[in-house]
$ cat run.cif   # mmCIF, C-alpha atoms
data_protein
loop_
_atom_site.group_PDB
_atom_site.id
_atom_site.type_symbol
_atom_site.label_atom_id
_atom_site.label_comp_id
_atom_site.auth_asym_id
_atom_site.auth_seq_id
_atom_site.Cartn_x
_atom_site.Cartn_y
_atom_site.Cartn_z
ATOM 1 C CA MET K 1 -43.166 15.509 -11.610
ATOM 2 C CA SER K 2 -42.013 12.009 -10.621
ATOM 3 C CA GLN K 3 -41.982 13.032 -6.933
ATOM 4 C CA GLN K 4 -45.475 14.448 -7.293
ATOM 5 C CA LEU K 5 -46.730 11.185 -8.821
ATOM 6 C CA ASN K 6 -45.050 9.155 -6.031
ATOM 7 C CA ALA K 7 -46.790 11.247 -3.384
ATOM 8 C CA PHE K 8 -50.135 11.365 -5.169
ATOM 9 C CA PHE K 9 -50.378 7.615 -5.834
ATOM 10 C CA ALA K 10 -49.235 6.782 -2.275
ATOM 11 C CA ALA K 11 -51.866 9.219 -0.928
ATOM 12 C CA VAL K 12 -54.748 7.625 -2.832
ATOM 13 C CA SER K 13 -53.643 4.034 -2.091
ATOM 14 C CA ASP K 14 -55.663 4.177 1.152
ATOM 15 C CA PRO K 15 -59.484 3.847 1.174
ATOM 16 C CA THR K 16 -60.015 6.472 3.922
ATOM 17 C CA ARG K 17 -57.936 8.990 1.984
ATOM 18 C CA ARG K 18 -59.761 8.171 -1.253
ATOM 19 C CA ALA K 19 -63.071 8.739 0.555
ATOM 20 C CA VAL K 20 -61.813 12.199 1.623
ATOM 21 C CA VAL K 21 -60.867 13.013 -1.981
ATOM 22 C CA GLU K 22 -64.310 11.804 -3.156
ATOM 23 C CA ARG K 23 -65.987 14.016 -0.545
ATOM 24 C CA LEU K 24 -63.889 17.082 -1.408
ATOM 25 C CA ALA K 25 -64.414 16.638 -5.154
ATOM 26 C CA SER K 26 -67.998 17.745 -4.608
ATOM 27 C CA GLY K 27 -67.097 20.753 -2.439
ATOM 28 C CA SER K 28 -64.977 22.185 0.392
ATOM 29 C CA ALA K 29 -65.521 20.791 3.885
ATOM 30 C CA THR K 30 -64.291 21.380 7.421
ATOM 31 C CA VAL K 31 -62.060 18.827 9.122
ATOM 32 C CA SER K 32 -64.956 17.790 11.407
ATOM 33 C CA GLU K 33 -67.243 17.256 8.420
ATOM 34 C CA LEU K 34 -64.557 15.190 6.689
ATOM 35 C CA ALA K 35 -63.809 13.101 9.788
ATOM 36 C CA ALA K 36 -67.464 12.434 10.723
ATOM 37 C CA PRO K 37 -68.160 9.427 8.428
ATOM 38 C CA HIS K 38 -64.969 7.614 9.458
ATOM 39 C CA PRO K 39 -65.061 5.300 12.505
ATOM 40 C CA ILE K 40 -61.433 5.999 13.413
ATOM 41 C CA ALA K 41 -59.743 8.096 16.114
ATOM 42 C CA LEU K 42 -59.316 11.779 15.227
ATOM 43 C CA PRO K 43 -55.482 11.686 15.467
ATOM 44 C CA THR K 44 -55.481 8.782 12.981
ATOM 45 C CA PHE K 45 -57.770 10.740 10.685
ATOM 46 C CA MET K 46 -55.525 13.814 11.004
ATOM 47 C CA ARG K 47 -52.544 11.721 9.910
ATOM 48 C CA HIS K 48 -54.463 10.689 6.773
ATOM 49 C CA LEU K 49 -55.291 14.345 6.141
ATOM 50 C CA LYS K 50 -51.628 15.278 6.539
ATOM 51 C CA VAL K 51 -50.617 12.687 3.906
ATOM 52 C CA LEU K 52 -53.190 14.212 1.543
ATOM 53 C CA GLU K 53 -51.931 17.751 2.250
ATOM 54 C CA ASP K 54 -48.286 16.696 1.838
ATOM 55 C CA SER K 55 -49.107 15.145 -1.535
ATOM 56 C CA GLY K 56 -50.605 18.471 -2.678
ATOM 57 C CA ILE K 57 -54.056 17.127 -3.494
ATOM 58 C CA VAL K 58 -55.693 18.715 -0.441
ATOM 59 C CA ARG K 59 -55.191 22.281 0.791
ATOM 60 C CA SER K 60 -56.643 23.748 3.955
ATOM 61 C CA VAL K 61 -57.264 27.198 5.371
ATOM 62 C CA LYS K 62 -57.750 27.905 9.073
ATOM 63 C CA LYS K 63 -60.223 30.622 10.049
ATOM 64 C CA GLY K 64 -60.565 31.027 13.802
ATOM 65 C CA ARG K 65 -60.887 27.491 15.167
ATOM 66 C CA VAL K 66 -62.235 25.972 11.968
ATOM 67 C CA ARG K 67 -60.006 24.415 9.309
ATOM 68 C CA THR K 68 -61.626 24.118 5.886
ATOM 69 C CA CYS K 69 -60.213 21.789 3.237
ATOM 70 C CA HIS K 70 -60.479 21.848 -0.523
ATOM 71 C CA ILE K 71 -59.131 19.808 -3.384
ATOM 72 C CA GLU K 72 -56.355 20.856 -5.765
ATOM 73 C CA ALA K 73 -56.983 19.459 -9.232
ATOM 74 C CA GLU K 74 -53.448 19.629 -10.620
ATOM 75 C CA PRO K 75 -51.949 16.464 -9.008
ATOM 76 C CA LEU K 76 -55.111 14.533 -9.921
ATOM 77 C CA ILE K 77 -54.882 15.701 -13.533
ATOM 78 C CA ALA K 78 -51.168 14.787 -13.675
ATOM 79 C CA ALA K 79 -51.850 11.279 -12.320
ATOM 80 C CA GLN K 80 -54.723 10.751 -14.720
ATOM 81 C CA GLY K 81 -52.449 11.929 -17.540
ATOM 82 C CA TRP K 82 -49.816 9.335 -16.650
ATOM 83 C CA LEU K 83 -52.401 6.532 -16.629
ATOM 84 C CA ALA K 84 -53.982 7.733 -19.879
ATOM 85 C CA TRP K 85 -50.521 7.810 -21.480
ATOM 86 C CA GLN K 86 -49.797 4.164 -20.479
ATOM 87 C CA ARG K 87 -53.179 3.106 -21.762
ATOM 88 C CA GLU K 88 -52.634 4.877 -25.078
ATOM 89 C CA ILE K 89 -49.270 3.165 -25.615
ATOM 90 C CA TRP K 90 -50.769 -0.171 -24.624
ATOM 91 C CA GLU K 91 -53.845 0.186 -26.824
ATOM 92 C CA GLY K 92 -51.710 1.471 -29.715
ATOM 93 C CA ARG K 93 -49.678 -1.715 -29.451
ATOM 94 C CA LEU K 94 -52.854 -3.842 -29.489
ATOM 95 C CA ASP K 95 -53.984 -2.027 -32.647
ATOM 96 C CA ARG K 96 -50.641 -2.781 -34.304
ATOM 97 C CA LEU K 97 -50.838 -6.438 -33.204
ATOM 98 C CA GLU K 98 -54.349 -6.675 -34.637
ATOM 99 C CA ALA K 99 -53.214 -5.159 -37.944
ATOM 100 C CA LEU K 100 -50.350 -7.662 -38.019
ATOM 101 C CA ALA K 101 -52.725 -10.547 -37.268
ATOM 102 C CA LEU K 102 -54.946 -9.459 -40.177
ATOM 103 C CA GLN K 103 -51.894 -9.362 -42.483
ATOM 104 C CA VAL K 104 -50.858 -12.857 -41.346
ATOM 105 C CA ASP K 105 -54.431 -14.097 -41.887
ATOM 106 C CA ALA K 106 -54.511 -12.588 -45.365
ATOM 107 C CA ALA K 107 -51.122 -14.138 -46.194
ATOM 108 C CA ASP K 108 -52.297 -17.555 -44.913
ATOM 109 C CA LYS K 109 -55.449 -17.299 -46.997
ATOM 110 C CA GLY K 110 -53.369 -16.341 -50.031
ATOM 111 C CA GLU K 111 -51.247 -19.435 -49.557
ATOM 112 C CA THR K 112 -54.292 -21.668 -49.102
ATOM 113 C CA ASP K 113 -55.825 -20.329 -52.304
ATOM 114 C CA VAL K 114 -52.661 -21.064 -54.273
ATOM 115 C CA THR K 115 -52.178 -24.646 -53.051
ATOM 116 C CA MET M 116 -62.681 -3.011 -6.166
ATOM 117 C CA SER M 117 -61.415 -0.864 -3.285
ATOM 118 C CA GLN M 118 -58.726 -3.477 -2.503
ATOM 119 C CA GLN M 119 -57.684 -3.467 -6.138
ATOM 120 C CA LEU M 120 -57.354 0.342 -6.142
ATOM 121 C CA ASN M 121 -55.327 0.229 -2.881
ATOM 122 C CA ALA M 122 -52.903 -2.260 -4.404
ATOM 123 C CA PHE M 123 -52.733 -0.556 -7.784
ATOM 124 C CA PHE M 124 -52.058 2.952 -6.438
ATOM 125 C CA ALA M 125 -49.482 1.629 -3.940
ATOM 126 C CA ALA M 126 -47.786 -0.273 -6.781
ATOM 127 C CA VAL M 127 -47.420 2.787 -9.016
ATOM 128 C CA SER M 128 -46.335 5.106 -6.174
ATOM 129 C CA ASP M 129 -42.723 4.049 -6.809
ATOM 130 C CA PRO M 130 -40.693 5.407 -9.770
ATOM 131 C CA THR M 131 -38.944 2.083 -10.521
ATOM 132 C CA ARG M 132 -42.287 0.291 -10.635
ATOM 133 C CA ARG M 133 -43.795 3.040 -12.825
ATOM 134 C CA ALA M 134 -40.820 2.661 -15.209
ATOM 135 C CA VAL M 135 -41.570 -1.083 -15.452
ATOM 136 C CA VAL M 136 -45.224 -0.345 -16.252
ATOM 137 C CA GLU M 137 -44.120 2.209 -18.882
ATOM 138 C CA ARG M 138 -41.786 -0.391 -20.457
ATOM 139 C CA LEU M 139 -44.432 -3.153 -20.444
ATOM 140 C CA ALA M 140 -47.096 -0.854 -21.914
ATOM 141 C CA SER M 141 -45.192 -1.000 -25.188
ATOM 142 C CA GLY M 142 -44.721 -4.782 -25.137
ATOM 143 C CA SER M 143 -43.879 -7.923 -23.138
ATOM 144 C CA ALA M 144 -40.356 -8.266 -21.770
ATOM 145 C CA THR M 145 -38.253 -10.768 -19.874
ATOM 146 C CA VAL M 146 -37.251 -10.081 -16.267
ATOM 147 C CA SER M 147 -33.630 -9.464 -17.385
ATOM 148 C CA GLU M 148 -34.781 -6.930 -19.998
ATOM 149 C CA LEU M 149 -36.938 -5.185 -17.405
ATOM 150 C CA ALA M 150 -34.187 -5.107 -14.788
ATOM 151 C CA ALA M 151 -31.399 -3.944 -17.149
ATOM 152 C CA PRO M 152 -32.055 -0.153 -17.068
ATOM 153 C CA HIS M 153 -32.292 -0.034 -13.255
ATOM 154 C CA PRO M 154 -29.085 0.459 -11.237
ATOM 155 C CA ILE M 155 -30.369 -1.597 -8.294
ATOM 156 C CA ALA M 156 -29.605 -5.109 -7.014
ATOM 157 C CA LEU M 157 -31.622 -7.879 -8.695
ATOM 158 C CA PRO M 158 -33.303 -9.030 -5.427
ATOM 159 C CA THR M 159 -34.510 -5.423 -4.896
ATOM 160 C CA PHE M 160 -35.784 -5.317 -8.455
ATOM 161 C CA MET M 161 -37.549 -8.679 -7.964
ATOM 162 C CA ARG M 162 -39.322 -7.280 -4.893
ATOM 163 C CA HIS M 163 -40.628 -4.385 -7.023
ATOM 164 C CA LEU M 164 -41.784 -6.881 -9.637
ATOM 165 C CA LYS M 165 -43.558 -8.913 -6.940
ATOM 166 C CA VAL M 166 -45.460 -5.796 -5.775
ATOM 167 C CA LEU M 167 -46.537 -5.217 -9.389
ATOM 168 C CA GLU M 168 -47.613 -8.866 -9.783
ATOM 169 C CA ASP M 169 -49.473 -8.861 -6.449
ATOM 170 C CA SER M 170 -51.368 -5.726 -7.520
ATOM 171 C CA GLY M 171 -52.516 -7.534 -10.674
ATOM 172 C CA ILE M 172 -51.059 -5.026 -13.127
ATOM 173 C CA VAL M 173 -48.206 -7.313 -14.199
ATOM 174 C CA ARG M 174 -48.481 -11.013 -15.037
ATOM 175 C CA SER M 175 -45.601 -13.320 -15.877
ATOM 176 C CA VAL M 176 -45.125 -16.683 -17.532
ATOM 177 C CA LYS M 177 -42.068 -18.888 -17.035
ATOM 178 C CA LYS M 178 -40.814 -20.882 -20.007
ATOM 179 C CA GLY M 179 -37.701 -22.907 -19.240
ATOM 180 C CA ARG M 180 -35.410 -20.511 -17.412
ATOM 181 C CA VAL M 181 -36.906 -17.335 -18.830
ATOM 182 C CA ARG M 182 -39.741 -15.446 -17.151
ATOM 183 C CA THR M 183 -41.636 -13.102 -19.489
ATOM 184 C CA CYS M 184 -43.838 -10.318 -18.115
ATOM 185 C CA HIS M 185 -46.786 -8.516 -19.610
ATOM 186 C CA ILE M 186 -49.204 -5.849 -18.498
ATOM 187 C CA GLU M 187 -52.840 -6.410 -17.528
ATOM 188 C CA ALA M 188 -54.949 -3.433 -18.538
ATOM 189 C CA GLU M 189 -57.891 -3.952 -16.196
ATOM 190 C CA PRO M 190 -56.424 -2.476 -12.952
ATOM 191 C CA LEU M 191 -55.029 0.474 -14.933
ATOM 192 C CA ILE M 192 -58.439 1.137 -16.500
ATOM 193 C CA ALA M 193 -60.140 0.891 -13.067
ATOM 194 C CA ALA M 194 -57.683 3.389 -11.535
ATOM 195 C CA GLN M 195 -58.053 5.791 -14.440
ATOM 196 C CA GLY M 196 -61.825 5.448 -14.066
ATOM 197 C CA TRP M 197 -61.682 6.447 -10.407
ATOM 198 C CA LEU M 198 -59.560 9.538 -11.193
ATOM 199 C CA ALA M 199 -61.787 10.509 -14.127
ATOM 200 C CA TRP M 200 -64.830 10.187 -11.879
ATOM 201 C CA GLN M 201 -63.329 12.554 -9.236
ATOM 202 C CA ARG M 202 -62.381 15.014 -11.939
ATOM 203 C CA GLU M 203 -65.887 14.926 -13.429
ATOM 204 C CA ILE M 204 -67.502 15.637 -10.057
ATOM 205 C CA TRP M 205 -64.993 18.399 -9.388
ATOM 206 C CA GLU M 206 -65.361 20.020 -12.812
ATOM 207 C CA GLY M 207 -69.155 19.672 -12.637
ATOM 208 C CA ARG M 208 -69.032 21.629 -9.390
ATOM 209 C CA LEU M 209 -66.859 24.325 -10.996
ATOM 210 C CA ASP M 210 -69.384 24.621 -13.836
ATOM 211 C CA ARG M 211 -72.196 25.071 -11.312
ATOM 212 C CA LEU M 212 -70.137 27.656 -9.384
ATOM 213 C CA GLU M 213 -69.461 29.536 -12.619
ATOM 214 C CA ALA M 214 -73.155 29.496 -13.524
ATOM 215 C CA LEU M 215 -73.927 30.806 -10.033
ATOM 216 C CA ALA M 216 -71.287 33.542 -10.372
ATOM 217 C CA LEU M 217 -72.842 34.641 -13.682
ATOM 218 C CA GLN M 218 -76.269 34.769 -12.006
ATOM 219 C CA VAL M 219 -74.852 36.857 -9.147
ATOM 220 C CA ASP M 220 -73.121 39.148 -11.674
ATOM 221 C CA ALA M 221 -76.354 39.526 -13.602
ATOM 222 C CA ALA M 222 -78.279 40.266 -10.394
ATOM 223 C CA ASP M 223 -75.640 42.835 -9.329
ATOM 224 C CA LYS M 224 -75.807 44.456 -12.738
ATOM 225 C CA GLY M 225 -79.610 44.493 -12.497
ATOM 226 C CA GLU M 226 -79.382 46.312 -9.181
ATOM 227 C CA THR M 227 -76.815 48.782 -10.507
ATOM 228 C CA ASP M 228 -79.009 49.546 -13.497
ATOM 229 C CA VAL M 229 -81.958 50.250 -11.210
ATOM 230 C CA THR M 230 -80.171 52.532 -8.721
#

$ encode --input "run.cif" --output "structure tokens"
Amino acid sequence: MSQQLNAFFAAVSDPTRRAVVERLASGSATVSELAAPHPIALPTFMRHLKVLEDSGIVRSVKKGRVRTCHIEAEPLIAAQGWLAWQREIWEGRLDRLEALALQVDAADKGETDVT
Amino acid sequence: MSQQLNAFFAAVSDPTRRAVVERLASGSATVSELAAPHPIALPTFMRHLKVLEDSGIVRSVKKGRVRTCHIEAEPLIAAQGWLAWQREIWEGRLDRLEALALQVDAADKGETDVT
């Protein structure tokens, strides 16, 4: 799980690789189709694709001379789950701080009323 | 925005740095408190902390000799937003594929009924 998150987050820390994920989210595509919008050398693009495949978020199938890629949702869902979990803990803490602040306010007001 | 995502995803692609984010999600902590659970040299730990600060997810304040760190939610929310967006596109496509499959099924059934 931790290894998968390492690989997934490293994979999507590059804008070219994120663009490939964005493209594949809306449907499978061949390597040529994926490479076309990127003004970089094909071997460089292939290295990006390899990082995505190694991280498990992209899978590809070769049929004759054409390699078609698709997205695997599981690593994406796991990464989103980790982020959502951090946010929940963090927002839960804010809620508790707010409740505490209200208590302190109420106590202060109580004191002011008495004096 | 893209730069922020690059830095955020690279920052959380390391398990030590993710552990720091997990710890800070539940409350501020001093550098010593953050470093304590990690069996690595302090300079190595400080380099991890610097990556987290550079990515904007961790901020720190020095008071006397004690540096206290806290989490900044904004980069985390942006990253979660990007993942949620990919997932939405991807799941929307699955829904459309399913609808299409049902149509094809219905058409097949129609043909079978006729012949």

$ interface_residues --input "run.cif" --of "chain K" --to "chain M" --cutoff "12 Å" --atoms "all atoms listed in the file" --output "short mmCIF file (atom, residue, chain, number, x, y, z; two decimals) with C-alpha atoms, in the frame of the given file"
data_model
loop_
_atom_site.label_atom_id
_atom_site.label_comp_id
_atom_site.auth_asym_id
_atom_site.auth_seq_id
_atom_site.Cartn_x
_atom_site.Cartn_y
_atom_site.Cartn_z
CA MET K 1 -43.17 15.51 -11.61
CA SER K 2 -42.01 12.01 -10.62
CA GLN K 3 -41.98 13.03 -6.93
CA GLN K 4 -45.48 14.45 -7.29
CA LEU K 5 -46.73 11.18 -8.82
CA ASN K 6 -45.05 9.15 -6.03
CA ALA K 7 -46.79 11.25 -3.38
CA PHE K 8 -50.14 11.36 -5.17
CA PHE K 9 -50.38 7.62 -5.83
CA ALA K 10 -49.24 6.78 -2.28
CA ALA K 11 -51.87 9.22 -0.93
CA VAL K 12 -54.75 7.62 -2.83
CA SER K 13 -53.64 4.03 -2.09
CA ASP K 14 -55.66 4.18 1.15
CA PRO K 15 -59.48 3.85 1.17
CA THR K 16 -60.02 6.47 3.92
CA ARG K 17 -57.94 8.99 1.98
CA ARG K 18 -59.76 8.17 -1.25
CA ALA K 19 -63.07 8.74 0.56
CA VAL K 20 -61.81 12.20 1.62
CA VAL K 21 -60.87 13.01 -1.98
CA GLU K 22 -64.31 11.80 -3.16
CA ARG K 23 -65.99 14.02 -0.55
CA LEU K 24 -63.89 17.08 -1.41
CA ALA K 25 -64.41 16.64 -5.15
CA SER K 26 -68.00 17.74 -4.61
CA GLY K 27 -67.10 20.75 -2.44
CA SER K 28 -64.98 22.18 0.39
CA SER K 55 -49.11 15.14 -1.54
CA ILE K 57 -54.06 17.13 -3.49
CA HIS K 70 -60.48 21.85 -0.52
CA ILE K 71 -59.13 19.81 -3.38
CA GLU K 72 -56.36 20.86 -5.76
CA ALA K 73 -56.98 19.46 -9.23
CA GLU K 74 -53.45 19.63 -10.62
CA PRO K 75 -51.95 16.46 -9.01
CA LEU K 76 -55.11 14.53 -9.92
CA ILE K 77 -54.88 15.70 -13.53
CA ALA K 78 -51.17 14.79 -13.68
CA ALA K 79 -51.85 11.28 -12.32
CA GLN K 80 -54.72 10.75 -14.72
CA GLY K 81 -52.45 11.93 -17.54
CA TRP K 82 -49.82 9.34 -16.65
CA LEU K 83 -52.40 6.53 -16.63
CA ALA K 84 -53.98 7.73 -19.88
CA TRP K 85 -50.52 7.81 -21.48
CA GLN K 86 -49.80 4.16 -20.48
CA ARG K 87 -53.18 3.11 -21.76
CA GLU K 88 -52.63 4.88 -25.08
CA ILE K 89 -49.27 3.16 -25.62
CA TRP K 90 -50.77 -0.17 -24.62
CA GLU K 91 -53.84 0.19 -26.82
CA GLY K 92 -51.71 1.47 -29.72
CA ARG K 93 -49.68 -1.72 -29.45
CA LEU K 94 -52.85 -3.84 -29.49
CA ASP K 95 -53.98 -2.03 -32.65
CA ARG K 96 -50.64 -2.78 -34.30
CA LEU K 97 -50.84 -6.44 -33.20
#

$ resolve_selection --input "run.cif" --expression "the PyMOL selection byres ((chain M and resi 164) around 10)" --output "mmCIF file with C-alpha atoms, keeping the file's coordinate frame"
data_model
loop_
_atom_site.group_PDB
_atom_site.id
_atom_site.type_symbol
_atom_site.label_atom_id
_atom_site.label_comp_id
_atom_site.auth_asym_id
_atom_site.auth_seq_id
_atom_site.Cartn_x
_atom_site.Cartn_y
_atom_site.Cartn_z
ATOM 1 C CA ALA M 126 -47.786 -0.273 -6.781
ATOM 2 C CA THR M 131 -38.944 2.083 -10.521
ATOM 3 C CA ARG M 132 -42.287 0.291 -10.635
ATOM 4 C CA VAL M 135 -41.570 -1.083 -15.452
ATOM 5 C CA VAL M 136 -45.224 -0.345 -16.252
ATOM 6 C CA VAL M 146 -37.251 -10.081 -16.267
ATOM 7 C CA LEU M 149 -36.938 -5.185 -17.405
ATOM 8 C CA ALA M 150 -34.187 -5.107 -14.788
ATOM 9 C CA PRO M 158 -33.303 -9.030 -5.427
ATOM 10 C CA THR M 159 -34.510 -5.423 -4.896
ATOM 11 C CA PHE M 160 -35.784 -5.317 -8.455
ATOM 12 C CA MET M 161 -37.549 -8.679 -7.964
ATOM 13 C CA ARG M 162 -39.322 -7.280 -4.893
ATOM 14 C CA HIS M 163 -40.628 -4.385 -7.023
ATOM 15 C CA LYS M 165 -43.558 -8.913 -6.940
ATOM 16 C CA VAL M 166 -45.460 -5.796 -5.775
ATOM 17 C CA LEU M 167 -46.537 -5.217 -9.389
ATOM 18 C CA GLU M 168 -47.613 -8.866 -9.783
ATOM 19 C CA ASP M 169 -49.473 -8.861 -6.449
ATOM 20 C CA SER M 170 -51.368 -5.726 -7.520
ATOM 21 C CA VAL M 173 -48.206 -7.313 -14.199
ATOM 22 C CA ARG M 174 -48.481 -11.013 -15.037
ATOM 23 C CA SER M 175 -45.601 -13.320 -15.877
ATOM 24 C CA CYS M 184 -43.838 -10.318 -18.115
#

$ atom_distance --input "run.cif" --atom1 "CA of Arg65 (chain K)" --atom2 "CA of Thr30 (chain K)"
10.4 Å

$ atom_distance --input "run.cif" --atom1 "CA of Pro37 (chain K)" --atom2 "CA of Val66 (chain K)"
17.9 Å

$ atom_distance --input "run.cif" --atom1 "CA of Gly171 (chain M)" --atom2 "CA of Ile40 (chain K)"
29.0 Å

$ decode --input "run.cif" --residues "region 122-150 of chain M" --atoms "N, CA and C atoms" --output "tab-separated table (two decimals), in the first residue's frame"
chain	number	residue	atom	x	y	z
M	122	ALA	N	4.86	19.92	-7.08
M	122	ALA	CA	5.57	19.94	-5.80
M	122	ALA	C	4.84	19.14	-4.74
M	123	PHE	N	3.51	19.25	-4.73
M	123	PHE	CA	2.75	18.52	-3.72
M	123	PHE	C	2.89	17.01	-3.90
M	124	PHE	N	2.67	16.53	-5.13
M	124	PHE	CA	2.72	15.07	-5.37
M	124	PHE	C	4.14	14.53	-5.13
M	125	ALA	N	5.16	15.31	-5.52
M	125	ALA	CA	6.54	14.86	-5.27
M	125	ALA	C	6.78	14.79	-3.76
M	126	ALA	N	6.23	15.77	-3.02
M	126	ALA	CA	6.44	15.81	-1.57
M	126	ALA	C	5.83	14.58	-0.89
M	127	VAL	N	4.64	14.18	-1.31
M	127	VAL	CA	3.98	13.06	-0.62
M	127	VAL	C	4.31	11.70	-1.25
M	128	SER	N	5.29	11.67	-2.18
M	128	SER	CA	5.68	10.39	-2.77
M	128	SER	C	6.68	9.64	-1.89
M	129	ASP	N	6.98	10.20	-0.73
M	129	ASP	CA	7.94	9.57	0.19
M	129	ASP	C	7.23	9.20	1.50
M	130	PRO	N	7.44	7.97	2.00
M	130	PRO	CA	6.70	7.51	3.19
M	130	PRO	C	7.02	8.31	4.46
M	131	THR	N	8.26	8.77	4.62
M	131	THR	CA	8.59	9.58	5.80
M	131	THR	C	7.82	10.90	5.75
M	132	ARG	N	7.79	11.50	4.55
M	132	ARG	CA	7.10	12.79	4.42
M	132	ARG	C	5.58	12.60	4.58
M	133	ARG	N	5.05	11.46	4.08
M	133	ARG	CA	3.61	11.22	4.29
M	133	ARG	C	3.32	11.05	5.79
M	134	ALA	N	4.23	10.39	6.51
M	134	ALA	CA	4.03	10.19	7.96
M	134	ALA	C	4.00	11.54	8.67
M	135	VAL	N	4.83	12.49	8.23
M	135	VAL	CA	4.84	13.83	8.82
M	135	VAL	C	3.51	14.53	8.56
M	136	VAL	N	3.01	14.40	7.33
M	136	VAL	CA	1.71	15.01	6.99
M	136	VAL	C	0.61	14.38	7.86
M	137	GLU	N	0.65	13.05	8.00
M	137	GLU	CA	-0.35	12.35	8.83
M	137	GLU	C	-0.30	12.87	10.27
M	138	ARG	N	0.92	13.06	10.80
M	138	ARG	CA	1.07	13.54	12.18
M	138	ARG	C	0.53	14.96	12.30
M	139	LEU	N	0.87	15.82	11.33
M	139	LEU	CA	0.48	17.24	11.42
M	139	LEU	C	-1.02	17.44	11.16
M	140	ALA	N	-1.64	16.48	10.46
M	140	ALA	CA	-3.08	16.60	10.20
M	140	ALA	C	-3.84	16.65	11.53
M	141	SER	N	-3.30	15.95	12.53
M	141	SER	CA	-4.02	15.94	13.81
M	141	SER	C	-3.54	17.02	14.79
M	142	GLY	N	-2.64	17.89	14.34
M	142	GLY	CA	-2.23	19.00	15.21
M	142	GLY	C	-0.79	19.45	14.99
M	143	SER	N	-0.50	20.70	15.33
M	143	SER	CA	0.86	21.24	15.19
M	143	SER	C	1.84	20.43	16.03
M	144	ALA	N	3.11	20.47	15.64
M	144	ALA	CA	4.14	19.76	16.40
M	144	ALA	C	5.47	20.43	16.19
M	145	THR	N	6.35	20.28	17.16
M	145	THR	CA	7.71	20.83	17.02
M	145	THR	C	8.51	19.88	16.13
M	146	VAL	N	9.63	20.40	15.61
M	146	VAL	CA	10.50	19.59	14.75
M	146	VAL	C	10.97	18.34	15.50
M	147	SER	N	11.33	18.48	16.79
M	147	SER	CA	11.79	17.33	17.57
M	147	SER	C	10.68	16.28	17.69
M	148	GLU	N	9.46	16.73	17.94
M	148	GLU	CA	8.33	15.79	18.04
M	148	GLU	C	8.11	15.06	16.72
M	149	LEU	N	8.26	15.83	15.62
M	149	LEU	CA	8.04	15.22	14.30
M	149	LEU	C	9.13	14.20	13.98
M	150	ALA	N	10.36	14.54	14.35
M	150	ALA	CA	11.50	13.69	14.00
M	150	ALA	C	11.56	12.42	14.83
